[in-house]
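Trainee: Below is entry35.cif; it holds mmCIF, C-alpha atoms and all ligand atoms; chains and numbers go by the auth columns.
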```cif
data_query
loop_
_atom_site.group_PDB
_atom_site.id
_atom_site.type_symbol
_atom_site.label_atom_id
_atom_site.label_comp_id
_atom_site.label_asym_id
_atom_site.label_seq_id
_atom_site.Cartn_x
_atom_site.Cartn_y
_atom_site.Cartn_z
_atom_site.B_iso_or_equiv
_atom_site.auth_seq_id
_atom_site.auth_asym_id
ATOM 1 C CA MET A 1 0.000 0.000 0.000 0.00 80 A
ATOM 2 C CA TRP A 2 1.202 3.521 -0.863 0.00 81 A
ATOM 3 C CA ARG A 3 1.908 5.332 2.420 0.00 82 A
ATOM 4 C CA ALA A 4 2.089 9.046 3.102 0.00 83 A
ATOM 5 C CA SER A 5 3.460 10.248 6.432 0.00 84 A
ATOM 6 C CA VAL A 6 3.173 13.970 7.092 0.00 85 A
ATOM 7 C CA LEU A 7 5.101 15.726 9.855 0.00 86 A
ATOM 8 C CA THR A 8 3.406 18.966 10.836 0.00 87 A
ATOM 9 C CA ILE A 9 2.653 21.251 13.761 0.00 88 A
ATOM 10 C CA PHE A 10 -0.946 21.472 12.460 0.00 89 A
ATOM 11 C CA PRO A 11 -2.069 17.831 12.369 0.00 90 A
ATOM 12 C CA ASP A 12 -5.749 18.820 12.539 0.00 91 A
ATOM 13 C CA VAL A 13 -5.766 20.230 9.010 0.00 92 A
ATOM 14 C CA PHE A 14 -5.368 16.681 7.601 0.00 93 A
ATOM 15 C CA PRO A 15 -6.844 14.939 5.695 0.00 94 A
ATOM 16 C CA GLY A 16 -8.685 18.129 4.648 0.00 95 A
ATOM 17 C CA PRO A 17 -9.439 17.960 0.923 0.00 96 A
ATOM 18 C CA LEU A 18 -7.603 14.621 0.720 0.00 97 A
ATOM 19 C CA GLY A 19 -10.586 13.101 2.550 0.00 98 A
ATOM 20 C CA ALA A 20 -13.004 14.117 -0.223 0.00 99 A
ATOM 21 C CA SER A 21 -13.856 12.729 -3.633 0.00 100 A
ATOM 22 C CA LEU A 22 -11.775 9.980 -5.253 0.00 101 A
ATOM 23 C CA ALA A 23 -8.730 10.390 -2.987 0.00 102 A
ATOM 24 C CA GLY A 24 -10.966 10.242 0.091 0.00 103 A
ATOM 25 C CA LYS A 25 -12.800 7.156 -1.127 0.00 104 A
ATOM 26 C CA ALA A 26 -9.510 5.465 -1.899 0.00 105 A
ATOM 27 C CA LEU A 27 -8.229 6.398 1.574 0.00 106 A
ATOM 28 C CA ALA A 28 -11.335 4.934 3.202 0.00 107 A
ATOM 29 C CA ALA A 29 -11.018 1.820 1.029 0.00 108 A
ATOM 30 C CA GLY A 30 -7.393 1.312 2.111 0.00 109 A
ATOM 31 C CA ALA A 31 -5.830 1.960 -1.322 0.00 110 A
ATOM 32 C CA TRP A 32 -3.396 4.336 0.394 0.00 111 A
ATOM 33 C CA SER A 33 -2.716 5.423 3.961 0.00 112 A
ATOM 34 C CA LEU A 34 -2.143 8.752 5.649 0.00 113 A
ATOM 35 C CA ASP A 35 -0.222 8.968 8.883 0.00 114 A
ATOM 36 C CA VAL A 36 -0.108 12.461 10.390 0.00 115 A
ATOM 37 C CA VAL A 37 2.636 13.088 12.928 0.00 116 A
ATOM 38 C CA ASP A 38 2.400 16.012 15.349 0.00 117 A
ATOM 39 C CA ILE A 39 5.918 17.455 15.523 0.00 118 A
ATOM 40 C CA ARG A 40 5.047 19.154 18.809 0.00 119 A
ATOM 41 C CA LYS A 41 4.836 15.758 20.530 0.00 120 A
ATOM 42 C CA PHE A 42 8.597 15.485 20.089 0.00 121 A
ATOM 43 C CA ALA A 43 9.353 18.693 21.982 0.00 122 A
ATOM 44 C CA THR A 44 10.719 18.062 25.463 0.00 123 A
ATOM 45 C CA ASP A 45 9.986 21.258 27.373 0.00 124 A
ATOM 46 C CA LYS A 46 6.713 21.939 29.131 0.00 125 A
ATOM 47 C CA HIS A 47 5.628 24.490 26.502 0.00 126 A
ATOM 48 C CA ARG A 48 6.202 21.991 23.672 0.00 127 A
ATOM 49 C CA THR A 49 8.484 24.435 21.869 0.00 128 A
ATOM 50 C CA VAL A 50 9.245 23.609 18.227 0.00 129 A
ATOM 51 C CA ASP A 51 10.927 26.854 17.134 0.00 130 A
ATOM 52 C CA ASP A 52 13.535 29.327 18.253 0.00 131 A
ATOM 53 C CA THR A 53 15.008 32.649 17.159 0.00 132 A
ATOM 54 C CA PRO A 54 17.354 32.662 14.139 0.00 133 A
ATOM 55 C CA ALA A 55 21.071 32.467 14.801 0.00 134 A
ATOM 56 C CA GLY A 56 22.584 35.715 13.584 0.00 135 A
ATOM 57 C CA GLY A 57 19.403 37.646 14.263 0.00 136 A
ATOM 58 C CA GLY A 58 16.639 38.737 11.924 0.00 137 A
ATOM 59 C CA PRO A 59 12.882 38.365 11.805 0.00 138 A
ATOM 60 C CA GLY A 60 10.781 35.283 12.457 0.00 139 A
ATOM 61 C CA MET A 61 11.480 31.922 14.021 0.00 140 A
ATOM 62 C CA VAL A 62 13.201 28.738 12.864 0.00 141 A
ATOM 63 C CA MET A 63 12.031 25.149 13.423 0.00 142 A
ATOM 64 C CA LYS A 64 14.420 23.345 15.732 0.00 143 A
ATOM 65 C CA ALA A 65 16.639 20.555 14.350 0.00 144 A
ATOM 66 C CA ASP A 66 16.543 18.493 17.560 0.00 145 A
ATOM 67 C CA VAL A 67 12.732 18.339 17.694 0.00 146 A
ATOM 68 C CA LEU A 68 12.394 17.651 13.963 0.00 147 A
ATOM 69 C CA GLY A 69 15.130 15.023 14.158 0.00 148 A
ATOM 70 C CA ARG A 70 13.239 13.070 16.819 0.00 149 A
ATOM 71 C CA ALA A 71 9.982 13.348 14.856 0.00 150 A
ATOM 72 C CA ILE A 72 11.647 12.082 11.659 0.00 151 A
ATOM 73 C CA ASP A 73 13.466 9.248 13.446 0.00 152 A
ATOM 74 C CA ALA A 74 10.212 8.045 14.974 0.00 153 A
ATOM 75 C CA THR A 75 8.423 8.086 11.608 0.00 154 A
ATOM 76 C CA ALA A 76 10.713 7.365 8.725 0.00 155 A
ATOM 77 C CA ALA A 77 12.645 4.175 9.366 0.00 156 A
ATOM 78 C CA ASP A 78 11.938 2.807 5.888 0.00 157 A
ATOM 79 C CA GLU A 79 12.931 3.325 2.288 0.00 158 A
ATOM 80 C CA ARG A 80 10.368 6.001 1.394 0.00 159 A
ATOM 81 C CA PRO A 81 11.773 9.274 0.041 0.00 160 A
ATOM 82 C CA ARG A 82 11.922 11.998 2.692 0.00 161 A
ATOM 83 C CA LEU A 83 10.847 15.316 1.271 0.00 162 A
ATOM 84 C CA LEU A 84 10.901 18.750 2.858 0.00 163 A
ATOM 85 C CA LEU A 85 8.338 21.088 1.332 0.00 164 A
ATOM 86 C CA SER A 86 10.257 24.262 0.588 0.00 165 A
ATOM 87 C CA PRO A 87 9.985 27.189 -1.841 0.00 166 A
ATOM 88 C CA ARG A 88 13.671 26.780 -2.632 0.00 167 A
ATOM 89 C CA GLY A 89 13.288 23.107 -3.525 0.00 168 A
ATOM 90 C CA THR A 90 13.223 21.391 -6.909 0.00 169 A
ATOM 91 C CA PRO A 91 9.933 22.291 -8.604 0.00 170 A
ATOM 92 C CA LEU A 92 7.444 19.414 -8.511 0.00 171 A
ATOM 93 C CA THR A 93 6.571 18.087 -11.976 0.00 172 A
ATOM 94 C CA GLN A 94 4.152 15.474 -13.272 0.00 173 A
ATOM 95 C CA ALA A 95 7.148 13.269 -14.129 0.00 174 A
ATOM 96 C CA ARG A 96 8.311 13.377 -10.489 0.00 175 A
ATOM 97 C CA VAL A 97 4.763 12.761 -9.281 0.00 176 A
ATOM 98 C CA GLU A 98 4.598 9.646 -11.476 0.00 177 A
ATOM 99 C CA THR A 99 7.867 8.374 -9.998 0.00 178 A
ATOM 100 C CA LEU A 100 6.696 9.031 -6.436 0.00 179 A
ATOM 101 C CA ALA A 101 3.301 7.410 -7.098 0.00 180 A
ATOM 102 C CA GLY A 102 5.106 4.342 -8.452 0.00 181 A
ATOM 103 C CA GLY A 103 7.150 3.951 -5.251 0.00 182 A
ATOM 104 C CA PRO A 104 6.266 2.910 -1.692 0.00 183 A
ATOM 105 C CA GLY A 105 5.020 6.370 -0.645 0.00 184 A
ATOM 106 C CA VAL A 106 6.490 9.532 0.865 0.00 185 A
ATOM 107 C CA VAL A 107 7.528 11.094 4.154 0.00 186 A
ATOM 108 C CA LEU A 108 6.750 14.811 4.031 0.00 187 A
ATOM 109 C CA VAL A 109 8.096 17.412 6.414 0.00 188 A
ATOM 110 C CA CYS A 110 6.051 20.615 6.562 0.00 189 A
ATOM 111 C CA GLY A 111 7.954 23.757 7.430 0.00 190 A
ATOM 112 C CA ARG A 112 6.461 26.781 9.196 0.00 191 A
ATOM 113 C CA PHE A 113 7.787 30.170 10.300 0.00 192 A
ATOM 114 C CA GLU A 114 10.979 31.150 8.393 0.00 193 A
ATOM 115 C CA GLY A 115 11.674 27.483 7.700 0.00 194 A
ATOM 116 C CA VAL A 116 13.759 24.741 9.321 0.00 195 A
ATOM 117 C CA ASP A 117 17.237 24.643 10.819 0.00 196 A
ATOM 118 C CA GLU A 118 19.484 23.916 7.816 0.00 197 A
ATOM 119 C CA ARG A 119 21.299 21.092 9.640 0.00 198 A
ATOM 120 C CA ILE A 120 18.247 18.806 9.644 0.00 199 A
ATOM 121 C CA ILE A 121 18.244 18.739 5.825 0.00 200 A
ATOM 122 C CA ALA A 122 21.656 17.092 5.488 0.00 201 A
ATOM 123 C CA ALA A 123 21.465 15.117 8.725 0.00 202 A
ATOM 124 C CA ARG A 124 18.247 13.319 7.718 0.00 203 A
ATOM 125 C CA ALA A 125 18.810 13.400 3.931 0.00 204 A
ATOM 126 C CA LEU A 126 15.743 15.508 3.200 0.00 205 A
ATOM 127 C CA GLU A 127 15.124 16.450 -0.417 0.00 206 A
ATOM 128 C CA GLU A 128 13.625 19.916 -0.822 0.00 207 A
ATOM 129 C CA VAL A 129 10.594 20.081 -3.119 0.00 208 A
ATOM 130 C CA SER A 130 8.659 23.182 -4.152 0.00 209 A
ATOM 131 C CA VAL A 131 5.096 23.373 -5.445 0.00 210 A
ATOM 132 C CA GLY A 132 5.695 26.683 -7.200 0.00 211 A
ATOM 133 C CA ASP A 133 7.502 29.985 -7.243 0.00 212 A
ATOM 134 C CA TYR A 134 5.487 31.677 -4.508 0.00 213 A
ATOM 135 C CA VAL A 135 5.627 31.527 -0.719 0.00 214 A
ATOM 136 C CA LEU A 136 2.951 29.726 1.305 0.00 215 A
ATOM 137 C CA SER A 137 2.543 30.171 5.059 0.00 216 A
ATOM 138 C CA GLY A 138 3.435 26.559 5.696 0.00 217 A
ATOM 139 C CA GLY A 139 4.179 23.211 4.065 0.00 218 A
ATOM 140 C CA GLU A 140 0.765 21.683 4.794 0.00 219 A
ATOM 141 C CA LEU A 141 -0.991 22.877 1.629 0.00 220 A
ATOM 142 C CA ALA A 142 2.079 21.963 -0.404 0.00 221 A
ATOM 143 C CA ALA A 143 2.046 18.459 1.146 0.00 222 A
ATOM 144 C CA MET A 144 -1.617 18.096 0.237 0.00 223 A
ATOM 145 C CA VAL A 145 -0.867 19.147 -3.343 0.00 224 A
ATOM 146 C CA LEU A 146 1.885 16.546 -3.631 0.00 225 A
ATOM 147 C CA ILE A 147 -0.163 13.751 -2.042 0.00 226 A
ATOM 148 C CA ASP A 148 -3.242 14.523 -4.146 0.00 227 A
ATOM 149 C CA ALA A 149 -1.218 14.503 -7.367 0.00 228 A
ATOM 150 C CA CYS A 150 0.286 11.100 -6.442 0.00 229 A
ATOM 151 C CA VAL A 151 -2.816 9.416 -5.066 0.00 230 A
ATOM 152 C CA ARG A 152 -4.929 10.030 -8.161 0.00 231 A
ATOM 153 C CA LEU A 153 -2.352 8.029 -10.156 0.00 232 A
ATOM 154 C CA LEU A 154 -2.506 4.964 -7.887 0.00 233 A
ATOM 155 C CA PRO A 155 -4.078 1.914 -9.541 0.00 234 A
ATOM 156 C CA GLY A 156 -7.858 1.966 -9.261 0.00 235 A
ATOM 157 C CA VAL A 157 -8.163 5.458 -7.775 0.00 236 A
ATOM 158 C CA MET A 158 -9.152 7.435 -10.846 0.00 237 A
ATOM 159 C CA GLY A 159 -12.450 6.419 -12.443 0.00 238 A
ATOM 160 C CA ALA A 160 -11.393 6.268 -16.088 0.00 239 A
ATOM 161 C CA GLU A 161 -7.800 5.027 -16.249 0.00 240 A
ATOM 162 C CA ALA A 162 -7.505 6.437 -19.772 0.00 241 A
ATOM 163 C CA SER A 163 -7.973 9.991 -18.601 0.00 242 A
ATOM 164 C CA ALA A 164 -4.534 10.093 -16.920 0.00 243 A
ATOM 165 C CA ALA A 165 -2.864 9.274 -20.219 0.00 244 A
ATOM 166 C CA GLU A 166 -4.536 12.206 -21.988 0.00 245 A
ATOM 167 C CA GLU A 167 -4.120 14.811 -19.274 0.00 246 A
ATOM 168 C CA SER A 168 -1.990 17.924 -19.285 0.00 247 A
ATOM 169 C CA PHE A 169 1.756 17.111 -19.106 0.00 248 A
ATOM 170 C CA SER A 170 1.299 13.391 -19.798 0.00 249 A
ATOM 171 C CA GLU A 171 3.000 13.808 -23.173 0.00 250 A
ATOM 172 C CA GLY A 172 4.631 17.118 -22.418 0.00 251 A
ATOM 173 C CA LEU A 173 1.608 19.009 -23.800 0.00 252 A
ATOM 174 C CA LEU A 174 -1.234 20.864 -22.095 0.00 253 A
ATOM 175 C CA GLU A 175 -4.640 19.249 -22.462 0.00 254 A
ATOM 176 C CA TYR A 176 -7.114 20.127 -25.246 0.00 255 A
ATOM 177 C CA PRO A 177 -10.366 22.015 -24.390 0.00 256 A
ATOM 178 C CA HIS A 178 -13.475 20.200 -23.143 0.00 257 A
ATOM 179 C CA TYR A 179 -17.162 20.862 -23.882 0.00 258 A
ATOM 180 C CA THR A 180 -20.455 19.327 -22.806 0.00 259 A
ATOM 181 C CA ARG A 181 -24.181 19.967 -23.391 0.00 260 A
ATOM 182 C CA PRO A 182 -25.983 22.247 -24.126 0.00 261 A
ATOM 183 C CA GLN A 183 -24.790 22.336 -27.721 0.00 262 A
ATOM 184 C CA LEU A 184 -25.286 26.118 -27.863 0.00 263 A
ATOM 185 C CA TRP A 185 -24.707 28.204 -24.723 0.00 264 A
ATOM 186 C CA GLU A 186 -24.946 32.008 -24.679 0.00 265 A
ATOM 187 C CA GLY A 187 -24.414 32.020 -28.432 0.00 266 A
ATOM 188 C CA ARG A 188 -21.298 29.845 -28.169 0.00 267 A
ATOM 189 C CA PRO A 189 -21.466 26.509 -30.013 0.00 268 A
ATOM 190 C CA ILE A 190 -19.513 23.321 -29.359 0.00 269 A
ATOM 191 C CA PRO A 191 -16.969 22.986 -32.227 0.00 270 A
ATOM 192 C CA ASP A 192 -18.613 21.019 -35.090 0.00 271 A
ATOM 193 C CA VAL A 193 -15.825 18.455 -35.257 0.00 272 A
ATOM 194 C CA LEU A 194 -16.650 17.199 -31.743 0.00 273 A
ATOM 195 C CA LEU A 195 -20.222 16.453 -32.859 0.00 274 A
ATOM 196 C CA SER A 196 -19.140 14.794 -36.127 0.00 275 A
ATOM 197 C CA GLY A 197 -18.780 11.276 -34.727 0.00 276 A
ATOM 198 C CA ASP A 198 -15.546 10.949 -36.731 0.00 277 A
ATOM 199 C CA HIS A 199 -13.080 9.675 -34.129 0.00 278 A
ATOM 200 C CA GLY A 200 -10.046 10.216 -36.339 0.00 279 A
ATOM 201 C CA LYS A 201 -10.932 13.857 -36.940 0.00 280 A
ATOM 202 C CA ILE A 202 -11.747 14.386 -33.273 0.00 281 A
ATOM 203 C CA ALA A 203 -8.381 12.969 -32.209 0.00 282 A
ATOM 204 C CA ALA A 204 -6.561 15.149 -34.766 0.00 283 A
ATOM 205 C CA TRP A 205 -8.440 18.279 -33.620 0.00 284 A
ATOM 206 C CA ARG A 206 -7.654 17.557 -29.969 0.00 285 A
ATOM 207 C CA ARG A 207 -4.005 17.011 -30.746 0.00 286 A
ATOM 208 C CA ALA A 208 -3.804 20.253 -32.744 0.00 287 A
ATOM 209 C CA GLU A 209 -5.505 22.172 -29.920 0.00 288 A
ATOM 210 C CA ALA A 210 -3.153 20.661 -27.325 0.00 289 A
ATOM 211 C CA GLU A 211 -0.185 21.754 -29.418 0.00 290 A
ATOM 212 C CA ARG A 212 -1.635 25.251 -30.010 0.00 291 A
ATOM 213 C CA LEU A 213 -2.351 25.823 -26.307 0.00 292 A
ATOM 214 C CA THR A 214 1.081 24.599 -25.279 0.00 293 A
ATOM 215 C CA ARG A 215 2.799 26.788 -27.885 0.00 294 A
ATOM 216 C CA GLU A 216 0.795 29.872 -26.860 0.00 295 A
ATOM 217 C CA ARG A 217 0.796 29.456 -23.088 0.00 296 A
ATOM 218 C CA ARG A 218 3.944 27.542 -22.214 0.00 297 A
ATOM 219 C CA PRO A 219 6.859 28.224 -24.549 0.00 298 A
ATOM 220 C CA ASP A 220 9.078 26.336 -22.069 0.00 299 A
ATOM 221 C CA LEU A 221 7.046 23.127 -22.396 0.00 300 A
ATOM 222 C CA TRP A 222 6.685 23.609 -26.155 0.00 301 A
ATOM 223 C CA ALA A 223 10.460 23.909 -26.629 0.00 302 A
ATOM 224 C CA ALA A 224 11.029 20.765 -24.553 0.00 303 A
ATOM 225 C CA PHE A 225 8.333 18.919 -26.508 0.00 304 A
ATOM 226 C CA LEU A 226 9.897 19.882 -29.867 0.00 305 A
ATOM 227 C CA GLN A 227 13.299 18.853 -28.606 0.00 306 A
ATOM 228 C CA ARG A 228 12.002 15.406 -27.587 0.00 307 A
ATOM 229 C CA PHE A 229 10.029 15.062 -30.802 0.00 308 A
ATOM 230 C CA ARG A 230 13.090 15.897 -32.935 0.00 309 A
ATOM 231 C CA SER A 231 15.439 13.592 -31.084 0.00 310 A
ATOM 232 C CA GLY A 232 12.730 10.874 -31.198 0.00 311 A
ATOM 233 C CA SER A 233 12.460 11.181 -35.012 0.00 312 A
ATOM 234 C CA ARG A 234 16.264 11.123 -35.391 0.00 313 A
ATOM 235 C CA THR A 235 16.646 7.957 -33.327 0.00 314 A
ATOM 236 C CA GLY A 236 13.397 6.338 -34.460 0.00 315 A
HETATM 237 C C1 LIG B . 6.687 31.144 5.194 0.00 401 A
HETATM 238 S S1 LIG B . 7.414 29.752 4.459 0.00 401 A
HETATM 239 C C2 LIG B . 9.135 30.078 4.632 0.00 401 A
HETATM 240 C C3 LIG B . 9.676 30.848 3.498 0.00 401 A
HETATM 241 C C4 LIG B . 11.199 31.070 3.605 0.00 401 A
HETATM 242 N N1 LIG B . 11.513 32.010 4.631 0.00 401 A
HETATM 243 C C5 LIG B . 11.738 31.572 2.267 0.00 401 A
HETATM 244 O O1 LIG B . 11.794 32.771 2.058 0.00 401 A
HETATM 245 O O2 LIG B . 12.068 30.719 1.404 0.00 401 A
HETATM 246 C C6 LIG B . 7.118 28.474 5.625 0.00 401 A
HETATM 247 C C7 LIG B . 7.089 27.076 5.069 0.00 401 A
HETATM 248 O O3 LIG B . 6.080 26.970 4.073 0.00 401 A
HETATM 249 C C8 LIG B . 6.423 25.957 3.164 0.00 401 A
HETATM 250 N N2 LIG B . 6.352 26.512 1.800 0.00 401 A
HETATM 251 C C9 LIG B . 6.173 27.817 1.491 0.00 401 A
HETATM 252 N N3 LIG B . 6.145 28.001 0.174 0.00 401 A
HETATM 253 C C10 LIG B . 6.305 26.784 -0.399 0.00 401 A
HETATM 254 C C11 LIG B . 6.381 26.328 -1.741 0.00 401 A
HETATM 255 N N4 LIG B . 6.292 27.161 -2.753 0.00 401 A
HETATM 256 N N5 LIG B . 6.554 24.999 -1.955 0.00 401 A
HETATM 257 C C12 LIG B . 6.664 24.146 -0.910 0.00 401 A
HETATM 258 N N6 LIG B . 6.603 24.531 0.386 0.00 401 A
HETATM 259 C C13 LIG B . 6.425 25.830 0.639 0.00 401 A
HETATM 260 C C14 LIG B . 7.805 25.458 3.531 0.00 401 A
HETATM 261 O O4 LIG B . 7.672 24.260 4.275 0.00 401 A
HETATM 262 C C15 LIG B . 8.333 26.598 4.382 0.00 401 A
HETATM 263 O O5 LIG B . 9.303 26.155 5.318 0.00 401 A
#
```
Can you give me the file's structure in the form of C-alpha cells?
Ligand SMILES: C[S@@+](CC[C@H](N)C(=O)[O-])C[C@H]1O[C@@H](n2cnc3c(N)ncnc32)[C@H](O)[C@@H]1O

Mentor:
Amino acid sequence: MWRASVLTIFPDVFPGPLGASLAGKALAAGAWSLDVVDIRKFATDKHRTVDDTPAGGGPGMVMKADVLGRAIDATAADERPRLLLSPRGTPLTQARVETLAGGPGVVLVCGRFEGVDERIIAARALEEVSVGDYVLSGGELAAMVLIDACVRLLPGVMGAEASAAEESFSEGLLEYPHYTRPQLWEGRPIPDVLLSGDHGKIAAWRRAEAERLTRERRPDLWAAFLQRFRSGSRTG
C-alpha cells in the first residue's frame, strides 16, 4: 500500500481535501494510507516548543533541528523518500509525481515560520521540493498538493484510467479544451468536429488544440516537446 506520512505542527488540518472525492474514497477503502505526525509531541519542554530565534538575528522563528530530528526518526525508518516542502526546492513536476506514485510512498516534512534549521536537511537526507515559485505560510498545503497529485495516479483510484494518459503534461503538452451539453450556450457553439462522430478527426483536432495551447501558453514546455520530438524522429 502507498503510504504518506506527514510531519506537521498542524495535524488537525489533515486529511482536509484529501478526505473528499476519489482520494478520500480510496483512503477509506485502504488503497493508500495517511499517517499524520504532530511534531510538537517530540518537543521536550513543558511548553512543547518547536521553534527558536534565528542564529545571527533577523525576523521570524526557525524550526528546531533536535525536535524535527526526533519526529523524523520516529516516523521514517523505511525506504520512502523523505521530502521537505520548501519554496527553494526542486519544482514538482508530473514526471516526479509519477515516480513518487510508483514507489512505496512519501515522508513529508512541513515547514512553518521562516523554515527549518538547515542542519536537519543534510542530517536526515531531506530532499527539498517546491510546489511553485510563490511563498505559502506553511508546508501543509504543499504536502496536500503533492499527495493529491500522487494518489490520483494509484491503480484503481481514478475512475477512467484512460484519462490520466490524456491529461496535461502526460506527453509534455497541455490538455485540449473540453465541452459538454448544451450544444449552444450564450451564443457559443460546441466545435462542429466534436459532434461529427468521426473519431479520427476528433483525435486530430484535440491534438492540434493541445499543441496550439502549449505553444501559446507555455513556450518552455513547447520547446522541450519539440526537442524530444526531434530527437525521437532522429533515433526512431
Ligand atoms: C513562510 S514559508 C518560509 C519561506 C522562507 N523564509 C523563504 O523565504 O524561502 C514556511 C514554510 O512553508 C512551506 N512553503 C512555502 N512556500 C512553499 C512552496 N512554494 N513549496 C513548498 N513549500 C512551501 C515550507 O515548508 C516553508 O518552510

Trainee: Return as a PyMOL selection string the set of residues that the PyMOL selection byres (((chain A and resi 220-224) around 10) and not hetatm) yields on the displayed structure.

Mentor: chain A and resi 83-87+92-97+162-166+171+185-190+208-211+215-219+225-229

Trainee: Using the chain letters and numbers from this file, what does the PyMOL selection byres (((chain A and resi 181) around 9) and not hetatm) select? Give the answer as a ChimeraX atom specification.

Mentor: /A:81,176-180,182-184,229,232-233

Trainee: Please write the residues picked by the PyMOL selection byres (((chain A and resi 288) around 12) and not hetatm) on this file as a list in words.

Mentor: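 Taken on the displayed file, the PyMOL selection byres (((chain A and resi 288) around 12) and not hetatm) yields the residues Ser247, Leu252, Leu253, Glu254, Tyr255, Pro256, His257, Pro270, Ile281, Ala282, Ala283, Trp284, Arg285, Arg286, Ala287, Ala289, Glu290, Arg291, Leu292, Thr293, Arg294, Glu295 and Arg296 of chain A.
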
Trainee: Which residues of region 142-216 of chain A sit at most 7 Å from region 117-135 of chain A, using only C-alpha atoms? Give each one's shortest atom pair and distance in Å (one decimal place), in chain and ascending residue order, as a tab-separated table.

Mentor:
```
residue	atom	partner	partner_atom	distance
A:Met142	CA	A:Asp130	CA	4.2
A:Lys143	CA	A:Asp130	CA	5.1
A:Val146	CA	A:Ala122	CA	5.5
A:Leu147	CA	A:Ile118	CA	6.7
A:Arg149	CA	A:Phe121	CA	6.2
A:Ala150	CA	A:Ile118	CA	5.8
```

Trainee: Quick one, how far is atom C13 of ligand LIG 401 (chain A) from CA of Ile199 (chain A)?

Mentor: 16.4 Å
